[in-house]
file protein.cif (mmCIF, C-alpha atoms)
data_coords
#
loop_
_atom_site.label_atom_id
_atom_site.label_comp_id
_atom_site.auth_asym_id
_atom_site.auth_seq_id
_atom_site.Cartn_x
_atom_site.Cartn_y
_atom_site.Cartn_z
CA MET K 1 -66.69 -2.58 5.05
CA GLU K 2 -65.63 -6.22 4.99
CA ASP K 3 -67.38 -6.77 1.66
CA PHE K 4 -65.66 -3.73 0.26
CA GLU K 5 -62.27 -4.93 1.46
CA GLN K 6 -62.99 -8.38 0.06
CA GLU K 7 -63.87 -6.84 -3.28
CA LEU K 8 -60.69 -4.79 -3.14
CA ARG K 9 -58.61 -7.86 -2.34
CA HIS K 10 -60.19 -9.67 -5.27
CA ALA K 11 -59.59 -6.70 -7.60
CA MET K 12 -55.96 -6.56 -6.58
CA GLU K 13 -54.90 -10.11 -7.17
CA ARG K 14 -51.44 -10.47 -8.64
CA GLN K 15 -51.28 -10.27 -12.39
CA PRO K 16 -49.12 -12.61 -14.45
CA ALA K 17 -45.84 -11.05 -15.52
CA PRO K 18 -45.24 -10.65 -19.26
CA SER K 19 -43.75 -13.81 -20.72
CA SER K 20 -40.81 -11.77 -21.98
CA LEU K 21 -39.75 -10.66 -18.49
CA LYS K 22 -37.86 -13.78 -17.42
CA ARG K 23 -36.31 -14.17 -20.87
CA LYS K 24 -35.01 -10.59 -20.77
CA ILE K 25 -33.62 -11.00 -17.25
CA MET K 26 -31.78 -14.23 -18.09
CA ALA K 27 -30.48 -12.81 -21.39
CA HIS K 28 -29.18 -9.73 -19.56
CA LEU K 29 -27.43 -11.89 -16.98
CA ARG K 30 -25.75 -13.93 -19.69
CA ARG K 31 -24.40 -10.73 -21.27
CA ALA K 32 -23.43 -8.95 -18.05
CA PRO K 33 -20.32 -9.98 -16.11
CA GLY K 34 -21.31 -12.18 -13.17
CA PRO K 35 -19.55 -12.65 -9.83
CA GLN K 36 -17.22 -15.27 -11.37
CA SER K 37 -16.27 -12.83 -14.09
CA HIS K 38 -15.30 -10.32 -11.41
CA ALA K 39 -12.62 -12.77 -10.27
CA VAL K 40 -11.43 -13.01 -13.87
CA LEU K 41 -11.35 -9.20 -14.05
CA TRP K 42 -9.22 -9.05 -10.88
CA GLN K 43 -6.87 -11.65 -12.34
CA ARG K 44 -6.59 -9.63 -15.52
CA LEU K 45 -5.92 -6.49 -13.53
CA ALA K 46 -3.22 -8.26 -11.50
CA ALA K 47 -1.66 -9.62 -14.70
CA SER K 48 -1.73 -6.13 -16.24
CA LEU K 49 -0.04 -4.67 -13.16
CA ALA K 50 2.63 -7.39 -13.24
CA LEU K 51 3.22 -6.76 -16.94
CA ALA K 52 3.43 -3.02 -16.31
CA ALA K 53 5.95 -3.64 -13.52
CA ILE K 54 8.06 -5.87 -15.81
CA LEU K 55 7.92 -3.34 -18.63
CA GLY K 56 8.72 -0.53 -16.19
CA GLY K 57 11.70 -2.48 -14.83
CA GLY K 58 12.84 -3.17 -18.41
CA ALA K 59 12.60 0.51 -19.23
CA VAL K 60 14.69 1.43 -16.18
CA GLU K 61 17.24 -1.23 -17.11
CA TRP K 62 17.37 -0.01 -20.70
CA ASN K 63 17.79 3.58 -19.52
CA TRP K 64 20.67 2.56 -17.24
CA HIS K 65 22.23 0.61 -20.11
CA VAL K 66 22.04 3.62 -22.47
CA ARG K 67 23.60 5.90 -19.82
CA GLU K 68 26.39 3.40 -19.20
CA GLU K 69 27.10 3.16 -22.91
CA ARG K 70 27.20 6.97 -23.14
CA ARG K 71 29.54 7.15 -20.14
CA LYS K 72 31.87 4.57 -21.70
CA GLY K 73 31.74 6.40 -25.04
CA GLU K 74 32.59 9.68 -23.35
CA ALA K 75 35.51 8.04 -21.48
CA ALA K 76 36.80 6.57 -24.74
CA ARG K 77 36.49 9.96 -26.45
CA GLN K 78 38.45 11.60 -23.62
CA GLN K 79 41.14 8.91 -23.96
CA VAL K 80 41.38 9.50 -27.71
CA LEU K 81 41.62 13.28 -27.17
CA THR K 82 44.32 12.78 -24.53
CA ALA K 83 46.24 10.49 -26.91
CA LEU K 84 45.88 13.07 -29.68
CA ARG K 85 47.10 15.81 -27.34
CA ILE K 86 50.16 13.69 -26.40
CA THR K 87 50.86 12.86 -30.05
CA ASN K 88 50.49 16.50 -30.97
CA HIS K 89 52.80 17.52 -28.18
CA ALA K 90 55.41 14.90 -29.30
CA LEU K 91 55.16 16.02 -32.91
CA ASP K 92 55.59 19.66 -31.85
CA HIS K 93 58.63 18.69 -29.83
CA MET K 94 60.06 16.71 -32.74
CA ASN K 95 59.36 19.58 -35.10
CA ARG K 96 61.12 22.02 -32.83
CA GLN K 97 64.16 19.72 -32.70
CA LEU K 98 64.19 19.37 -36.49
CA VAL K 99 64.03 23.14 -36.89
CA ALA K 100 66.87 23.57 -34.38
CA HIS K 101 68.89 20.89 -36.15
CA SER K 102 68.37 22.50 -39.55
CA ARG K 103 69.45 25.87 -38.23
CA ALA K 104 72.59 24.32 -36.71
CA ASN K 105 73.49 22.72 -40.07
CA MET K 106 72.98 25.98 -41.95
CA ASN K 107 75.33 27.80 -39.58
CA MET P 1 -23.79 -13.81 9.91
CA ALA P 2 -23.39 -17.08 7.99
CA HIS P 3 -26.49 -18.66 6.46
CA ASP P 4 -27.09 -22.01 4.80
CA TRP P 5 -29.76 -20.94 2.36
CA ARG P 6 -28.60 -21.54 -1.22
CA PRO P 7 -30.84 -19.53 -3.54
CA ASP P 8 -31.57 -20.56 -7.10
CA PHE P 9 -31.92 -17.28 -8.97
CA GLU P 10 -34.03 -18.68 -11.81
CA GLN P 11 -36.41 -20.25 -9.31
CA LEU P 12 -36.71 -16.92 -7.48
CA VAL P 13 -37.63 -15.24 -10.76
CA ASP P 14 -40.28 -17.91 -11.44
CA GLU P 15 -41.75 -17.59 -7.96
CA HIS P 16 -41.78 -13.82 -7.61
CA GLN P 17 -42.02 -12.27 -11.07
CA SER P 18 -45.79 -11.95 -10.83
CA MET P 19 -45.55 -10.21 -7.43
CA VAL P 20 -42.80 -7.83 -8.53
CA PHE P 21 -44.48 -6.99 -11.83
CA SER P 22 -47.92 -6.46 -10.22
CA LEU P 23 -46.51 -4.18 -7.52
CA ALA P 24 -44.63 -2.09 -10.08
CA PHE P 25 -47.62 -1.98 -12.41
CA ARG P 26 -50.08 -0.91 -9.70
CA MET P 27 -47.66 1.78 -8.53
CA THR P 28 -46.77 3.19 -11.96
CA GLY P 29 -49.81 2.24 -14.06
CA ASP P 30 -47.53 1.56 -17.00
CA ARG P 31 -46.95 -2.03 -18.15
CA GLY P 32 -43.76 -1.20 -20.04
CA LEU P 33 -42.30 0.74 -17.13
CA ALA P 34 -43.39 -1.98 -14.70
CA GLU P 35 -41.60 -4.61 -16.77
CA GLU P 36 -38.50 -2.41 -16.85
CA ILE P 37 -38.63 -1.94 -13.07
CA ALA P 38 -39.15 -5.67 -12.51
CA GLN P 39 -36.16 -6.44 -14.71
CA ASP P 40 -33.96 -3.98 -12.79
CA VAL P 41 -35.15 -5.35 -9.46
CA PHE P 42 -34.25 -8.93 -10.39
CA LEU P 43 -30.87 -7.89 -11.78
CA GLN P 44 -30.19 -6.08 -8.50
CA LEU P 45 -31.30 -9.23 -6.67
CA ASP P 46 -28.75 -11.23 -8.63
CA ARG P 47 -26.01 -8.86 -7.48
CA SER P 48 -27.25 -8.98 -3.87
CA LEU P 49 -27.88 -12.72 -3.57
CA GLY P 50 -24.98 -13.11 -1.13
CA LYS P 51 -26.78 -10.89 1.37
CA ILE P 52 -30.10 -12.73 1.15
CA GLU P 53 -30.49 -15.08 4.10
CA SER P 54 -33.72 -16.98 3.42
CA ALA P 55 -36.68 -17.36 1.08
CA ALA P 56 -38.73 -15.02 3.30
CA HIS P 57 -35.91 -12.49 3.25
CA ALA P 58 -35.81 -12.68 -0.56
CA CYS P 59 -39.56 -11.97 -0.72
CA PHE P 60 -39.28 -9.05 1.71
CA TRP P 61 -36.25 -7.69 -0.16
CA LEU P 62 -38.06 -7.91 -3.51
CA ARG P 63 -41.12 -6.07 -2.20
CA ARG P 64 -39.04 -3.33 -0.59
CA VAL P 65 -36.83 -2.74 -3.64
CA THR P 66 -39.77 -2.87 -6.04
CA MET P 67 -41.69 -0.24 -4.06
CA SER P 68 -38.60 1.93 -3.82
CA ARG P 69 -37.80 1.60 -7.54
CA SER P 70 -41.42 2.35 -8.45
CA ALA P 71 -41.40 5.50 -6.32
CA ASP P 72 -38.13 6.56 -7.98
CA ALA P 73 -39.63 5.92 -11.43
CA LEU P 74 -42.66 8.03 -10.59
CA ARG P 75 -40.44 10.88 -9.38
CA ARG P 76 -38.26 10.66 -12.51
CA ARG P 77 -41.21 11.12 -14.78
CA LYS P 78 -41.43 14.76 -13.69
CA VAL P 79 -45.08 14.88 -14.61
CA ARG P 80 -47.59 16.87 -12.66
CA ARG P 81 -49.27 14.65 -10.16
CA MET P 82 -52.75 15.20 -11.59
CA ASP P 83 -51.55 14.48 -15.13
CA LEU P 84 -49.91 11.31 -13.90
CA TRP P 85 -53.06 10.15 -12.15
CA VAL P 86 -55.06 10.68 -15.31
CA GLU P 87 -52.42 8.78 -17.26
CA ILE P 88 -52.39 5.94 -14.74
CA GLU P 89 -56.17 5.83 -14.68
CA GLU P 90 -56.27 5.56 -18.48
CA GLU P 91 -53.68 2.76 -18.46
CA HIS P 92 -55.60 0.87 -15.81
CA ALA P 93 -58.89 1.41 -17.62
CA ALA P 94 -57.51 -0.29 -20.71
CA GLU P 95 -56.07 -3.09 -18.58
CA ALA P 96 -59.17 -3.57 -16.43
CA GLU P 97 -61.63 -4.03 -19.28
CA ASP P 98 -61.23 -7.79 -19.22
CA ARG P 99 -62.23 -8.13 -15.55
CA ASP P 100 -65.29 -10.21 -14.61
CA SER P 101 -66.51 -7.80 -11.93
CA PRO P 102 -67.23 -4.22 -13.07
CA LEU P 103 -66.74 -2.96 -9.49
CA GLY P 104 -63.45 -4.81 -9.21
CA ALA P 105 -62.21 -3.30 -12.46
CA ARG P 106 -63.37 0.13 -11.37
CA LEU P 107 -61.71 -0.25 -7.97
CA GLU P 108 -58.38 -0.84 -9.61
CA GLN P 109 -58.86 2.27 -11.73
CA LEU P 110 -59.85 4.29 -8.68
CA LEU P 111 -56.84 3.02 -6.77
CA ALA P 112 -54.65 4.59 -9.42
CA THR P 113 -56.11 8.00 -8.59
CA LEU P 114 -54.99 7.89 -4.94
CA PRO P 115 -51.89 9.74 -3.74
CA GLU P 116 -48.76 7.61 -4.02
CA PRO P 117 -48.21 6.88 -0.28
CA GLN P 118 -51.85 5.76 0.17
CA ARG P 119 -51.68 3.70 -3.00
CA ALA P 120 -48.46 2.02 -1.84
CA ALA P 121 -49.97 1.11 1.53
CA LEU P 122 -53.17 -0.24 -0.03
CA VAL P 123 -51.35 -2.24 -2.71
CA LEU P 124 -49.21 -3.94 -0.08
CA ARG P 125 -52.25 -4.49 2.16
CA TYR P 126 -54.64 -5.92 -0.42
CA GLN P 127 -52.41 -7.35 -3.13
CA GLU P 128 -49.77 -8.81 -0.80
CA ASP P 129 -52.00 -9.26 2.26
CA LEU P 130 -49.39 -7.66 4.55
CA THR P 131 -50.08 -6.40 8.05
CA PRO P 132 -49.56 -2.69 8.81
CA GLU P 133 -46.35 -3.64 10.66
CA GLU P 134 -45.03 -5.52 7.63
CA ILE P 135 -45.99 -2.61 5.34
CA ALA P 136 -44.14 -0.19 7.64
CA ALA P 137 -41.03 -2.41 7.47
CA THR P 138 -41.30 -2.73 3.68
CA LEU P 139 -41.74 0.99 3.08
CA GLU P 140 -39.34 1.92 5.90
CA ALA P 141 -42.04 4.22 7.27
CA PRO P 142 -43.39 4.74 10.81
CA LEU P 143 -46.25 2.41 11.70
CA ALA P 144 -48.57 5.31 12.60
CA THR P 145 -47.99 6.85 9.17
CA VAL P 146 -48.77 3.58 7.43
CA LYS P 147 -51.97 3.12 9.45
CA SER P 148 -53.00 6.66 8.58
CA HIS P 149 -52.33 6.07 4.86
CA LEU P 150 -54.34 2.84 5.01
CA GLN P 151 -57.32 4.47 6.73
CA ARG P 152 -57.34 7.57 4.54
CA GLY P 153 -56.74 5.60 1.36
CA LEU P 154 -59.50 3.14 2.12
CA LYS P 155 -61.90 5.93 3.06
CA LEU P 156 -61.14 7.85 -0.13
CA LEU P 157 -61.46 4.73 -2.22
CA ARG P 158 -64.80 3.83 -0.61
CA ALA P 159 -66.12 7.32 -1.27
CA LYS P 160 -65.06 7.16 -4.90
CA ALA P 161 -66.47 3.65 -5.27
CA GLY P 162 -69.73 4.82 -3.66
CA ASN P 163 -70.07 7.59 -6.21
CA TYR P 164 -69.37 5.12 -8.98
CA LEU P 165 -71.97 2.68 -7.67
CA LYS P 166 -74.60 5.42 -7.44
CA GLU P 167 -73.87 6.37 -11.04
CA TYR P 168 -73.89 2.69 -12.03
CA ILE P 169 -77.28 2.04 -10.33
CA ARG P 170 -78.70 5.20 -11.88
CA GLY P 171 -77.48 4.00 -15.26
CA VAL P 172 -79.12 0.59 -14.80
#
call {"tool": "encode", "arguments": {"input": "protein.cif", "output": "structure tokens"}}
result
Amino acid sequence: MEDFEQELRHAMERQPAPSSLKRKIMAHLRRAPGPQSHAVLWQRLAASLALAAILGGGAVEWNWHVREERRKGEAARQQVLTALRITNHALDHMNRQLVAHSRANMN
Amino acid sequence: MAHDWRPDFEQLVDEHQSMVFSLAFRMTGDRGLAEEIAQDVFLQLDRSLGKIESAAHACFWLRRVTMSRSADALRRRKVRRMDLWVEIEEEHAAEAEDRDSPLGARLEQLLATLPEPQRAALVLRYQEDLTPEEIAATLEAPLATVKSHLQRGLKLLRAKAGNYLKEYIRGV
């Protein structure tokens, strides 16, 4: 039994790994992102979020600005319409007076 | 828990690549697959280095992950067990031709014909010289099961080797 086990132990000695194994492992590690690169990824993510927040804030600001401009435009339009209505009313009044004056002269 | 051990990954590869490759090869019987498994195991080690507490822990971790990855690889093959054994035996036969001892070469071929749990226990026992307790911890299996696999595997292997020797003596 002991001889058999000894023979088995001898038969099962470790075999040398292929010479390419270590090279492949190290090449893969150089390509793959390591733990330090994870920190860089987090920094990039944080920067992206900050940029998104700035752009989002800018968009909100721009939207508010456009609405304000529209509101001012609408107020100006209403003022112009009111002025036109007043002018129209004054012209009508003047016209009525002219007509009345003409009739009085004819009589 | 904090630990002072500062592992050098490249040095770990140098020290343990033979062990990892041999375990994977004896479990799968396929040099290409064994190299692939060994590569994956070391890449996983690189990602887990922070959890490794000592050189002995690294060795234990490598054995455990290699055995687990090899078992996964065998399951993924989805080949009938008998077909796989024949395949493994053929691979080992080609590999074992260079051996000095004909019995030693034949033993390695015969080992490949054993059921996977028995093969795993015997590989860890005779390649890595582990005790049954250490094998049980590596394979995360009950000690009684490991002892049973060792006894049955060894018995089966002896019987097969006995038949081979009878044929060998008859041939001489």
call {"tool": "interface_residues", "arguments": {"input": "protein.cif", "of": "chain K", "to": "chain P", "cutoff": "9 Å", "atoms": "only C-alpha atoms", "output": "PyMOL selection string"}}
result
chain K and resi 1+4-18+20-22+24-26+28-29+34-35
call {"tool": "atom_distance", "arguments": {"input": "protein.cif", "atom1": "atom CA of P:Asp4", "atom2": "atom CA of P:Leu49"}}
result
12.5 Å
call {"tool": "closest_residue", "arguments": {"input": "protein.cif", "among": "P:Arg119, P:Arg6, P:His57, P:Lys166", "to": "P:Arg152", "atoms": "only C-alpha atoms"}}
result
P:Arg119
call {"tool": "atom_distance", "arguments": {"input": "protein.cif", "atom1": "atom CA of P:Leu150", "atom2": "atom CA of P:Pro132"}}
result
8.2 Å
call {"tool": "atom_distance", "arguments": {"input": "protein.cif", "atom1": "atom CA of P:Pro115", "atom2": "atom CA of P:Val146"}}
result
13.1 Å
call {"tool": "residues_near_point", "arguments": {"input": "protein.cif", "point": "(-35.4, -9.8, -0.7)", "cutoff": "10 Å", "atoms": "only C-alpha atoms", "output": "ChimeraX atom specification"}}
result
/P:12,41-42,45,48-49,51-66
call {"tool": "resolve_selection", "arguments": {"input": "protein.cif", "expression": "the PyMOL selection byres ((chain P and resi 133) around 12)", "output": "PyMOL selection string"}}
result
chain P and resi 121+124-125+129-132+134-147+150
